[in-house]
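The next block is structure27.txt, given as compact mmCIF, C-alpha atoms.
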# COMPACT_ATOMS: atom_id res chain seq x y z
CA MET A 29 2.91 -10.60 28.60
CA ASN A 30 2.26 -7.16 27.13
CA LEU A 31 2.42 -6.81 23.34
CA VAL A 32 3.04 -3.57 21.43
CA TRP A 33 1.71 -3.72 17.86
CA PHE A 34 3.81 -1.22 15.93
CA ARG A 35 2.39 0.33 12.76
CA ASN A 36 3.14 3.97 11.92
CA ASP A 37 4.94 4.61 15.23
CA LEU A 38 8.35 3.05 14.60
CA ARG A 39 10.29 4.59 17.48
CA THR A 40 11.08 3.98 21.13
CA LYS A 41 11.33 7.66 22.12
CA ASP A 42 8.10 9.52 22.86
CA ASN A 43 5.99 6.46 22.04
CA HIS A 44 2.98 6.36 24.33
CA SER A 45 1.89 2.80 23.48
CA LEU A 46 5.34 1.51 24.30
CA LYS A 47 5.53 3.65 27.42
CA LYS A 48 2.19 2.29 28.71
CA ALA A 49 3.27 -1.27 28.02
CA CYS A 50 6.53 -0.78 29.91
CA ASP A 51 4.73 0.85 32.84
CA ALA A 52 2.27 -2.03 33.14
CA ASP A 53 3.01 -5.30 34.89
CA SER A 54 4.56 -8.16 32.88
CA PRO A 55 7.34 -8.19 30.26
CA VAL A 56 6.99 -6.49 26.89
CA MET A 57 7.41 -7.70 23.34
CA GLY A 58 6.75 -5.98 20.02
CA VAL A 59 5.38 -7.06 16.66
CA TYR A 60 5.30 -5.52 13.19
CA PHE A 61 3.44 -6.81 10.13
CA PHE A 62 4.27 -6.34 6.49
CA ASP A 63 0.63 -6.92 5.65
CA PRO A 64 0.46 -8.28 2.07
CA ARG A 65 -2.66 -6.18 1.43
CA PHE A 66 -0.51 -3.05 1.53
CA TYR A 67 1.80 -4.38 -1.18
CA GLU A 68 -0.80 -5.55 -3.67
CA SER A 69 -2.60 -3.73 -6.45
CA ARG A 70 -5.04 -1.28 -4.96
CA ASP A 71 -8.79 -1.74 -5.27
CA PHE A 72 -9.90 1.85 -4.85
CA ASN A 73 -13.54 1.09 -5.59
CA LEU A 74 -13.41 3.91 -8.10
CA ASP A 75 -16.35 4.21 -10.45
CA VAL A 76 -14.01 4.26 -13.43
CA ASP A 77 -13.09 1.72 -16.07
CA ILE A 78 -9.34 1.87 -15.61
CA ASP A 79 -6.70 -0.49 -14.25
CA LEU A 80 -4.10 1.16 -12.06
CA PRO A 81 -0.63 0.16 -13.32
CA PHE A 82 0.99 0.18 -9.89
CA THR A 83 0.82 -1.38 -6.44
CA ARG A 84 -0.24 0.36 -3.26
CA THR A 85 3.27 0.54 -1.79
CA GLY A 86 6.17 0.99 -4.18
CA LYS A 87 9.83 0.12 -3.75
CA TYR A 88 10.96 3.47 -2.32
CA ARG A 89 8.64 3.55 0.67
CA ALA A 90 8.91 -0.21 1.16
CA GLN A 91 12.69 0.06 1.46
CA PHE A 92 12.32 2.97 3.87
CA ILE A 93 9.94 0.90 6.01
CA ILE A 94 12.29 -2.10 5.97
CA GLU A 95 15.11 0.15 7.22
CA SER A 96 12.84 1.74 9.83
CA VAL A 97 11.74 -1.63 11.20
CA ALA A 98 15.36 -2.81 11.38
CA ASP A 99 16.27 0.38 13.27
CA LEU A 100 13.31 -0.10 15.63
CA ARG A 101 14.45 -3.64 16.38
CA ARG A 102 17.91 -2.32 17.30
CA GLN A 103 16.38 0.35 19.55
CA LEU A 104 14.18 -2.17 21.35
CA GLN A 105 17.10 -4.54 21.88
CA GLU A 106 18.68 -1.89 24.12
CA HIS A 107 15.78 -2.55 26.52
CA ASN A 108 15.75 -6.34 25.93
CA ILE A 109 12.40 -5.98 24.17
CA PRO A 110 12.17 -8.40 21.22
CA LEU A 111 10.49 -7.35 17.98
CA LEU A 112 8.85 -10.10 15.94
CA VAL A 113 8.33 -9.28 12.26
CA PHE A 114 5.93 -11.09 9.92
CA HIS A 115 5.07 -10.87 6.25
CA ASP A 116 1.46 -11.80 6.89
CA LYS A 117 -1.90 -10.44 8.00
CA PRO A 118 -2.20 -9.66 11.73
CA ALA A 119 -5.39 -11.72 12.00
CA LYS A 120 -3.54 -14.84 10.84
CA VAL A 121 -0.61 -14.50 13.27
CA LEU A 122 -1.63 -12.62 16.41
CA PRO A 123 -4.07 -15.18 17.85
CA ASP A 124 -1.31 -17.81 17.92
CA LEU A 125 1.10 -15.29 19.49
CA VAL A 126 -1.48 -14.53 22.15
CA LYS A 127 -1.77 -18.19 23.06
CA GLU A 128 1.95 -18.95 22.83
CA HIS A 129 3.07 -16.04 25.01
CA ASP A 130 -0.01 -15.64 27.21
CA ILE A 131 -0.53 -12.07 26.03
CA LYS A 132 -2.99 -10.20 28.25
CA ASN A 133 -2.69 -6.69 26.76
CA ILE A 134 -2.14 -5.33 23.25
CA PHE A 135 -1.00 -1.72 23.01
CA LEU A 136 -1.26 0.12 19.69
CA GLN A 137 -1.52 3.55 18.14
CA LYS A 138 -5.09 4.57 17.42
CA GLU A 139 -5.91 4.74 13.71
CA TRP A 140 -9.17 5.62 12.01
CA THR A 141 -8.80 5.26 8.24
CA LYS A 142 -10.27 2.30 6.36
CA ASP A 143 -7.27 0.05 5.80
CA GLU A 144 -6.08 0.18 9.39
CA MET A 145 -9.59 -0.27 10.73
CA ASP A 146 -10.09 -3.28 8.45
CA GLN A 147 -6.95 -4.81 9.95
CA GLU A 148 -8.34 -4.36 13.45
CA LYS A 149 -11.80 -5.68 12.54
CA ASP A 150 -10.35 -8.82 10.98
CA LEU A 151 -8.16 -9.34 14.03
CA GLY A 152 -11.07 -8.77 16.38
CA VAL A 153 -13.05 -11.57 14.71
CA GLU A 154 -10.20 -14.01 15.31
CA LEU A 155 -9.44 -12.87 18.86
CA ASP A 156 -13.11 -13.28 19.79
CA LYS A 157 -12.65 -17.02 19.20
CA LEU A 158 -10.10 -17.27 22.02
CA ASP A 159 -11.07 -18.37 25.52
CA ASP A 160 -8.86 -15.67 27.05
CA LYS A 161 -9.04 -12.61 24.81
CA PRO A 162 -6.41 -9.89 25.47
CA LYS A 163 -7.42 -6.35 26.23
CA GLY A 164 -6.70 -3.68 23.62
CA HIS A 165 -5.25 -0.28 24.55
CA ARG A 166 -5.38 2.32 21.75
CA THR A 167 -3.63 5.67 22.08
CA TYR A 168 -3.74 8.77 19.89
CA ASP A 169 -0.05 9.33 19.26
CA GLN A 170 0.56 10.89 15.84
CA PHE A 171 -0.41 14.50 16.57
CA LEU A 172 1.34 17.68 17.57
CA TYR A 173 -1.75 18.78 19.54
CA HIS A 174 -3.36 15.80 21.28
CA PRO A 175 -7.05 15.29 20.41
CA TYR A 176 -8.00 15.72 24.08
CA ASP A 177 -6.24 19.09 24.23
CA ILE A 178 -7.57 20.92 21.17
CA PRO A 179 -10.05 23.77 21.82
CA PHE A 180 -13.03 22.22 20.02
CA GLU A 181 -15.99 20.41 21.57
CA SER A 182 -15.71 17.46 19.20
CA PHE A 183 -14.05 16.41 15.97
CA GLN A 184 -17.21 17.51 14.17
CA LYS A 185 -16.46 21.06 15.28
CA ILE A 186 -13.07 21.15 13.54
CA PRO A 187 -13.10 24.32 11.37
CA LYS A 188 -13.30 24.08 7.60
CA VAL A 189 -10.44 26.53 7.17
CA PHE A 190 -6.89 25.90 8.37
CA THR A 191 -6.24 29.43 9.62
CA GLU A 192 -9.07 29.25 12.17
CA PHE A 193 -7.84 25.85 13.37
CA ARG A 194 -4.25 27.06 13.66
CA LYS A 195 -5.02 30.28 15.52
CA LYS A 196 -7.25 28.60 18.11
CA CYS A 197 -4.75 25.80 18.73
CA GLU A 198 -1.82 28.18 19.01
CA LYS A 199 -3.74 30.31 21.49
CA GLN A 200 -5.51 27.67 23.57
CA ALA A 201 -3.69 24.33 23.23
CA GLN A 202 -0.35 23.16 24.55
CA VAL A 203 2.02 20.63 23.03
CA ARG A 204 2.54 17.84 25.54
CA GLU A 205 5.89 16.96 27.03
CA LEU A 206 7.77 13.89 25.78
CA VAL A 207 7.62 10.46 27.37
CA SER A 208 10.55 8.10 27.72
CA ILE A 209 11.43 4.47 28.46
CA GLU A 210 15.13 5.30 28.78
CA ALA A 211 15.41 3.76 32.25
CA TYR A 212 13.43 0.63 31.34
CA LYS A 213 15.26 -2.67 30.86
CA GLN A 214 13.72 -6.07 31.30
CA ASP A 215 15.18 -9.54 31.52
CA LYS A 216 15.85 -11.14 28.17
CA LEU A 217 12.93 -13.12 26.78
CA SER A 218 13.10 -16.38 24.91
CA VAL A 219 11.24 -15.88 21.64
CA HIS A 220 11.73 -17.36 18.20
CA LYS A 221 13.61 -15.16 15.77
CA THR A 222 11.90 -13.77 12.70
CA GLU A 223 13.40 -12.20 9.59
CA ILE A 224 12.59 -8.81 8.12
CA PRO A 225 11.45 -9.35 4.51
CA SER A 226 13.43 -7.99 1.59
CA LEU A 227 12.04 -5.95 -1.29
CA GLU A 228 12.02 -9.12 -3.35
CA ASP A 229 10.00 -10.89 -0.63
CA LEU A 230 7.45 -8.10 -0.96
CA GLY A 231 7.30 -8.52 -4.73
CA LEU A 232 9.32 -5.39 -5.46
CA GLU A 233 12.60 -4.79 -7.25
CA SER A 234 15.78 -3.54 -5.62
CA PHE A 235 17.26 -0.21 -6.69
CA GLU A 236 20.15 2.16 -6.24
CA ILE A 237 19.60 5.69 -4.96
CA ASP A 238 19.69 8.24 -7.77
CA LYS A 239 22.62 10.63 -7.30
CA ARG A 240 20.26 13.56 -7.96
CA SER A 241 17.86 12.60 -5.17
CA ALA A 242 16.78 15.30 -2.73
CA PHE A 243 16.02 12.51 -0.24
CA PRO A 244 18.97 10.07 -0.08
CA TRP A 245 18.49 8.97 3.55
CA GLU A 246 17.60 5.70 5.23
CA GLY A 247 14.56 5.03 7.37
CA GLY A 248 14.63 4.83 11.16
CA SER A 249 14.88 7.06 14.21
CA LYS A 250 18.66 7.15 14.14
CA SER A 251 18.63 8.58 10.63
CA ALA A 252 15.84 11.02 11.55
CA TRP A 253 17.79 12.41 14.48
CA ASN A 254 20.97 12.62 12.40
CA ARG A 255 19.03 14.70 9.89
CA LEU A 256 17.64 16.94 12.62
CA GLN A 257 21.10 17.39 14.11
CA HIS A 258 22.43 18.42 10.68
CA TYR A 259 19.55 20.72 9.75
CA PHE A 260 19.19 22.42 13.13
CA TRP A 261 22.50 22.39 14.93
CA GLU A 262 25.32 21.74 12.45
CA THR A 263 24.26 23.91 9.50
CA LYS A 264 21.59 26.01 11.28
CA GLN A 265 19.42 25.77 8.15
CA LEU A 266 16.34 26.00 10.36
CA GLN A 267 16.69 29.78 10.64
CA ASP A 268 16.26 30.02 6.85
CA TYR A 269 13.50 27.41 6.50
CA LYS A 270 10.73 29.66 5.19
CA LYS A 271 13.05 31.42 2.75
CA THR A 272 14.25 28.18 1.17
CA ARG A 273 11.28 25.81 1.47
CA ASN A 274 10.13 26.40 -2.12
CA GLY A 275 13.43 25.11 -3.48
CA LEU A 276 13.63 22.26 -5.97
CA ILE A 277 17.18 20.90 -5.93
CA GLY A 278 19.34 19.50 -3.17
CA THR A 279 18.94 18.09 0.32
CA ASP A 280 18.77 21.27 2.38
CA TYR A 281 16.10 23.49 0.78
CA SER A 282 13.64 22.09 3.35
CA SER A 283 13.72 19.99 6.51
CA LYS A 284 12.80 16.72 4.73
CA PHE A 285 11.28 15.31 7.96
CA SER A 286 8.08 14.11 6.27
CA ALA A 287 9.08 10.47 5.60
CA TRP A 288 10.26 9.89 9.16
CA LEU A 289 7.09 11.54 10.47
CA ALA A 290 4.91 9.39 8.22
CA GLN A 291 6.37 6.16 9.63
CA GLY A 292 6.57 7.54 13.16
CA CYS A 293 10.37 7.29 13.33
CA ILE A 294 10.24 10.70 14.99
CA SER A 295 7.22 12.43 16.52
CA ALA A 296 5.89 15.88 15.73
CA ARG A 297 6.26 16.66 19.44
CA GLU A 298 9.96 15.80 19.36
CA ILE A 299 10.54 18.16 16.45
CA TYR A 300 8.47 20.89 18.11
CA HIS A 301 10.42 20.79 21.35
CA GLU A 302 13.69 20.76 19.44
CA VAL A 303 12.55 23.90 17.56
CA LYS A 304 11.79 25.58 20.87
CA LYS A 305 15.23 24.63 22.15
CA TYR A 306 16.80 26.05 18.99
CA GLU A 307 14.83 29.29 19.35
CA LYS A 308 16.05 29.63 22.91
CA GLU A 309 19.70 28.82 22.24
CA ILE A 310 20.35 30.00 18.66
CA LYS A 311 17.68 32.18 17.04
CA LYS A 312 13.94 32.70 16.91
CA ASN A 313 12.42 34.17 13.76
CA GLN A 314 9.66 33.69 11.20
CA ASP A 315 11.58 30.80 9.66
CA THR A 316 11.80 28.78 12.87
CA TYR A 317 8.10 29.41 13.49
CA TRP A 318 7.25 28.25 9.98
CA LEU A 319 8.41 24.71 10.65
CA VAL A 320 5.93 24.52 13.54
CA PHE A 321 3.35 26.08 11.19
CA GLU A 322 3.85 23.14 8.82
CA LEU A 323 3.50 20.65 11.68
CA ILE A 324 0.14 22.26 12.47
CA TRP A 325 -0.89 21.82 8.81
CA ARG A 326 -0.04 18.14 9.22
CA ASP A 327 -2.26 17.98 12.32
CA PHE A 328 -5.07 19.77 10.50
CA PHE A 329 -5.28 17.15 7.75
CA LYS A 330 -5.36 14.41 10.38
CA TYR A 331 -8.27 16.13 12.13
CA VAL A 332 -10.01 16.62 8.78
CA SER A 333 -9.89 12.86 8.21
CA LEU A 334 -11.04 12.22 11.79
CA LYS A 335 -14.01 14.49 11.15
CA HIS A 336 -14.98 13.34 7.66
CA LYS A 337 -13.84 9.67 7.69
CA GLU A 338 -14.43 7.99 4.31
CA LYS A 339 -15.43 11.24 2.59
CA ILE A 340 -11.75 12.04 2.08
CA PHE A 341 -11.68 9.20 -0.47
CA ASN A 342 -14.88 10.23 -2.29
CA LEU A 343 -14.81 11.87 -5.71
CA GLY A 344 -16.64 14.94 -4.39
CA GLY A 345 -14.31 15.15 -1.40
CA ILE A 346 -15.43 16.64 1.86
CA LEU A 347 -17.26 19.43 -0.01
CA GLN A 348 -19.26 16.89 -2.06
CA LYS A 349 -18.73 19.11 -5.10
CA GLU A 350 -19.56 17.77 -8.53
CA TYR A 351 -17.10 18.28 -11.34
CA ASP A 352 -17.04 16.66 -14.76
CA TRP A 353 -14.05 14.43 -14.06
CA ASN A 354 -12.42 12.16 -16.64
CA SER A 355 -10.41 8.99 -16.20
CA SER A 356 -8.15 8.39 -19.18
CA HIS A 357 -5.56 5.60 -19.02
CA ARG A 358 -3.50 7.38 -21.69
CA GLU A 359 -3.55 10.65 -19.74
CA LEU A 360 -2.43 8.76 -16.62
CA GLU A 361 0.47 7.16 -18.49
CA LYS A 362 1.61 10.49 -19.94
CA TRP A 363 1.44 12.18 -16.53
CA ILE A 364 3.28 9.38 -14.71
CA ASN A 365 5.99 9.14 -17.39
CA GLY A 366 6.53 12.89 -17.63
CA GLU A 367 5.28 13.13 -21.21
CA THR A 368 2.86 16.05 -20.90
CA HIS A 369 3.09 19.36 -22.78
CA GLU A 370 4.38 21.10 -19.63
CA ASP A 371 8.12 20.60 -19.13
CA PHE A 372 7.93 21.72 -15.47
CA VAL A 373 5.37 19.00 -14.79
CA ASN A 374 7.48 16.49 -16.71
CA ALA A 375 10.63 17.27 -14.71
CA ASN A 376 8.80 16.81 -11.41
CA MET A 377 7.18 13.56 -12.50
CA LYS A 378 10.52 12.17 -13.64
CA GLU A 379 12.05 13.14 -10.29
CA ILE A 380 9.38 11.34 -8.28
CA ALA A 381 9.60 8.26 -10.53
CA ALA A 382 13.38 8.10 -10.08
CA THR A 383 13.57 8.91 -6.35
CA GLY A 384 10.17 8.63 -4.64
CA PHE A 385 10.43 12.26 -3.58
CA MET A 386 9.34 15.64 -4.91
CA SER A 387 9.33 19.17 -3.50
CA ASN A 388 6.18 20.71 -2.06
CA ARG A 389 6.16 23.21 -4.92
CA GLY A 390 6.36 20.40 -7.43
CA ARG A 391 3.58 18.41 -5.80
CA GLN A 392 1.17 21.33 -5.97
CA ASN A 393 1.92 21.93 -9.63
CA VAL A 394 1.64 18.33 -10.83
CA ALA A 395 -1.56 17.86 -8.81
CA SER A 396 -3.08 21.03 -10.24
CA TYR A 397 -2.09 19.96 -13.75
CA TRP A 398 -3.68 16.53 -13.33
CA SER A 399 -6.96 17.53 -11.73
CA MET A 400 -7.58 21.14 -12.76
CA HIS A 401 -5.87 21.39 -16.16
CA ARG A 402 -6.57 17.89 -17.50
CA LYS A 403 -9.82 17.45 -15.50
CA GLN A 404 -8.81 13.91 -14.49
CA ASP A 405 -10.17 12.10 -11.43
CA TRP A 406 -8.02 13.47 -8.62
CA ARG A 407 -8.12 10.15 -6.77
CA LEU A 408 -6.05 8.52 -9.52
CA GLY A 409 -3.32 11.07 -8.88
CA ALA A 410 -3.59 10.51 -5.14
CA ALA A 411 -3.34 6.76 -5.71
CA TYR A 412 -0.12 7.16 -7.69
CA PHE A 413 1.33 9.32 -4.93
CA GLU A 414 0.39 6.61 -2.44
CA HIS A 415 2.37 4.14 -4.51
CA ILE A 416 5.46 6.20 -5.31
CA LEU A 417 6.11 8.58 -2.39
CA ILE A 418 8.63 7.71 0.31
CA ASP A 419 6.78 10.05 2.65
CA TYR A 420 3.20 8.99 1.88
CA ASP A 421 0.82 9.71 4.74
CA VAL A 422 -2.84 8.94 4.12
CA HIS A 423 -4.14 12.10 5.82
CA SER A 424 -1.75 14.60 4.24
CA ASN A 425 -1.88 12.92 0.84
CA TYR A 426 -5.65 12.88 0.45
CA GLY A 427 -6.05 16.19 2.29
CA ASN A 428 -3.63 17.94 -0.06
CA TRP A 429 -5.10 16.35 -3.17
CA MET A 430 -8.60 17.43 -2.19
CA TYR A 431 -7.29 20.90 -1.40
CA ASN A 432 -5.60 21.24 -4.80
CA SER A 433 -8.56 19.76 -6.66
CA GLY A 434 -11.27 22.07 -5.35
CA VAL A 435 -13.07 19.48 -3.20
CA GLY A 436 -11.24 19.99 0.10
CA ASN A 437 -10.76 22.61 2.78
CA ASP A 438 -10.49 25.58 0.44
CA PRO A 439 -13.43 26.12 -1.93
CA ARG A 440 -11.45 28.68 -3.96
CA ASN A 441 -10.12 27.72 -7.37
CA ARG A 442 -6.55 26.63 -6.76
CA THR A 443 -5.60 26.12 -10.41
CA PHE A 444 -1.91 26.83 -10.89
CA ASN A 445 -0.49 28.68 -13.88
CA ILE A 446 2.21 26.06 -14.56
CA GLN A 447 4.32 28.23 -16.86
CA SER A 448 4.25 31.13 -14.41
CA GLN A 449 5.27 28.79 -11.60
CA ALA A 450 8.15 27.44 -13.69
CA ASP A 451 9.33 30.94 -14.53
CA ARG A 452 9.21 31.94 -10.88
CA TYR A 453 10.78 28.92 -9.22
CA ASP A 454 12.99 27.58 -12.04
CA SER A 455 13.83 30.73 -13.97
CA ASP A 456 17.26 29.47 -15.00
CA HIS A 457 15.93 26.04 -16.08
CA GLU A 458 18.40 24.37 -13.72
CA TYR A 459 15.79 22.02 -12.27
CA ARG A 460 14.25 21.12 -15.62
CA ASP A 461 17.66 20.57 -17.17
CA LEU A 462 18.58 18.27 -14.28
CA TRP A 463 15.63 15.94 -14.82
CA LEU A 464 14.98 16.29 -18.55
CA GLU A 465 18.57 15.91 -19.71
CA ASN A 466 18.12 12.29 -20.82
Here is the file; what I need is its structure written in the form of structure tokens.
Amino acid sequence: MNLVWFRNDLRTKDNHSLKKACDADSPVMGVYFFDPRFYESRDFNLDVDIDLPFTRTGKYRAQFIIESVADLRRQLQEHNIPLLVFHDKPAKVLPDLVKEHDIKNIFLQKEWTKDEMDQEKDLGVELDKLDDKPKGHRTYDQFLYHPYDIPFESFQKIPKVFTEFRKKCEKQAQVRELVSIEAYKQDKLSVHKTEIPSLEDLGLESFEIDKRSAFPWEGGSKSAWNRLQHYFWETKQLQDYKKTRNGLIGTDYSSKFSAWLAQGCISAREIYHEVKKYEKEIKKNQDTYWLVFELIWRDFFKYVSLKHKEKIFNLGGILQKEYDWNSSHRELEKWINGETHEDFVNANMKEIAATGFMSNRGRQNVASYWSMHRKQDWRLGAAYFEHILIDYDVHSNYGNWMYNSGVGNDPRNRTFNIQSQADRYDSDHEYRDLWLEN
């Protein structure tokens, strides 16, 4: 038996681990874990005397993951591939699965940040106890430009500045073609059924989507492709992407692909090739290019974390710069609750608390306010984003927070003039009125 361990690659299309498993001998089954460690209070090992008043994964992202896993199960059923789902640690479950189903190979997406590596280390300890240990097959599968294709000798040679990275990749690297298991269908397997946990099972409360939300969609590949169809082909909003991407209200000021990308419901390569198709059939301009530009930014932060590893979680960031940071519980409460002296910050913080989503413009402003205006430990802000965001991605989250806090890939002072930003992007107070009306 071949086992695919799904994590942040919740799709059947363009999934290299799944493709390799289907191409190998023996039937295929899948597994997904709602690891309790990801739903508990976070021990950030911060050198601060402060208790974080939130869990690692909040209700918005948890619900999105639940929906994405359910959608993945439906996709796999089309190929007679069962998906077992457990609310448990992989190390406690997988060894028994290996023995029960005579699993010889485990296919999984390659990860490199601490939490995912800890999962694998714990599992490795348990698998080593087996007489017949399965072979692991890890595949880099969350990039636009594959790590083996980028024009740098090693990850340590990744440039410090995004522009240099982007220009070299655009000139010398190619985005790979998509892979498919469309023609694959195996005989039905007899496996015990498992249930997908609810929010309550995960210790979280249920909720209704706020009618003002800029991100009202469900998780899963089907929803991702429906969104792409709407944004590209039905409304043709793609050709205005750069002009509108700094918007604050509504569902169509930007592509909103980030949550589906974060969970791997759609791949960056799939979006890229769809952009190229759009440029060929409808229109090619600076706006269509800019969506690819943003996908390259996403890649860049992943390569930054590959290069610097645990430094992306350090107070001094990858620059190891020393600032006089503070860590006030009261300041954190005021920022989270939208009770600061900046109404633009308050509106954005109330939006994210009510919906789990916030515009790119808003994220930069609230991050700058927290770290550069209030001089608070930037990692506390990053931790809250990890908890609250539907589209949390460890590489982009910590990369952006370092960048906006002066300890990342741009050593320049990135302090935002909050009032000037509000005047520019919310001159009529429409956004602030929307979220500060109560």
Test item: residues at most 6 Å from A:Ala375, only C-alpha atoms, excluding those fewer than 6 positions along its chain, as a PyMOL selection string: chain A and resi 460+463-464
In Å to one decimal, how far is atom CA of A:Ala381 from atom CA of A:Val97?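 For atom CA of A:Val97 relative to atom CA of A:Ala381, the distance reads 24.0 Å.
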For atom CA of A:Thr141 and atom CA of A:Ser251, determine how far apart the two atoms are, in Å to one decimal place.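 According to the coordinates, atom CA of A:Thr141 and atom CA of A:Ser251 are separated by 27.7 Å.
Coordinates place atom CA of A:Ser333 at a distance of 6.3 Å from atom CA of A:His423.
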Of the residues A:Phe190, A:Tyr168, A:Trp288, A:Trp253, which is the one nearest to A:Leu38, using all atoms listed in the file?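 Once distances to A:Leu38 are computed over all atoms listed in the file, the minimum belongs to A:Trp288.
Distances here use all atoms listed in the file; by that measure, the residue among A:Pro55, A:Gly345, A:Gly384, A:Gly390 closest to A:Tyr212 is A:Pro55.
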Need to verify the contact set: A:Lys221, 7 Å, only C-alpha atoms, exclusion of same-chain residues closer than 2 positions in sequence. Can you return it as a list in words?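 After dropping sequence-adjacent residues, the list is Leu112, Val219 and Glu223 of chain A.
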Could stretch 127-147 of chain A be completed with N, CA and C atoms and written as a tab-separated table (two decimals), in the coordinates of the input, please?
chain	number	residue	atom	x	y	z
A	127	LYS	N	-1.74	-16.92	22.34
A	127	LYS	CA	-1.77	-18.19	23.06
A	127	LYS	C	-0.36	-18.63	23.47
A	128	GLU	N	0.59	-18.48	22.57
A	128	GLU	CA	1.95	-18.95	22.83
A	128	GLU	C	2.62	-18.19	23.97
A	129	HIS	N	2.37	-16.87	24.04
A	129	HIS	CA	3.07	-16.04	25.01
A	129	HIS	C	2.15	-15.52	26.13
A	130	ASP	N	0.94	-16.03	26.17
A	130	ASP	CA	-0.01	-15.64	27.21
A	130	ASP	C	-0.14	-14.11	27.28
A	131	ILE	N	-0.43	-13.53	26.14
A	131	ILE	CA	-0.53	-12.07	26.03
A	131	ILE	C	-1.87	-11.60	26.61
A	132	LYS	N	-1.79	-10.71	27.59
A	132	LYS	CA	-2.99	-10.20	28.25
A	132	LYS	C	-3.40	-8.82	27.73
A	133	ASN	N	-2.42	-8.06	27.20
A	133	ASN	CA	-2.69	-6.69	26.76
A	133	ASN	C	-2.00	-6.42	25.42
A	134	ILE	N	-2.73	-5.77	24.52
A	134	ILE	CA	-2.14	-5.33	23.25
A	134	ILE	C	-2.22	-3.81	23.20
A	135	PHE	N	-1.08	-3.18	23.07
A	135	PHE	CA	-1.00	-1.72	23.01
A	135	PHE	C	-0.71	-1.31	21.56
A	136	LEU	N	-1.45	-0.31	21.08
A	136	LEU	CA	-1.26	0.12	19.69
A	136	LEU	C	-1.68	1.57	19.51
A	137	GLN	N	-1.14	2.17	18.48
A	137	GLN	CA	-1.52	3.55	18.14
A	137	GLN	C	-2.91	3.54	17.53
A	138	LYS	N	-3.73	4.50	17.92
A	138	LYS	CA	-5.09	4.57	17.42
A	138	LYS	C	-5.09	5.10	15.98
A	139	GLU	N	-5.73	4.34	15.11
A	139	GLU	CA	-5.91	4.74	13.71
A	139	GLU	C	-7.40	4.82	13.42
A	140	TRP	N	-7.75	5.46	12.30
A	140	TRP	CA	-9.17	5.62	12.01
A	140	TRP	C	-9.49	5.55	10.52
A	141	THR	N	-8.50	5.39	9.66
A	141	THR	CA	-8.80	5.26	8.24
A	141	THR	C	-9.04	3.80	7.89
A	142	LYS	N	-9.65	3.58	6.71
A	142	LYS	CA	-10.27	2.30	6.36
A	142	LYS	C	-9.32	1.10	6.46
A	143	ASP	N	-8.15	1.21	5.86
A	143	ASP	CA	-7.27	0.05	5.80
A	143	ASP	C	-6.85	-0.42	7.19
A	144	GLU	N	-6.50	0.52	8.03
A	144	GLU	CA	-6.08	0.18	9.39
A	144	GLU	C	-7.24	-0.36	10.21
A	145	MET	N	-8.42	0.22	10.02
A	145	MET	CA	-9.59	-0.27	10.73
A	145	MET	C	-9.98	-1.67	10.26
A	146	ASP	N	-9.81	-1.94	8.96
A	146	ASP	CA	-10.09	-3.28	8.45
A	146	ASP	C	-9.16	-4.30	9.10
A	147	GLN	N	-7.90	-3.93	9.26
A	147	GLN	CA	-6.95	-4.81	9.95
A	147	GLN	C	-7.47	-5.16	11.34
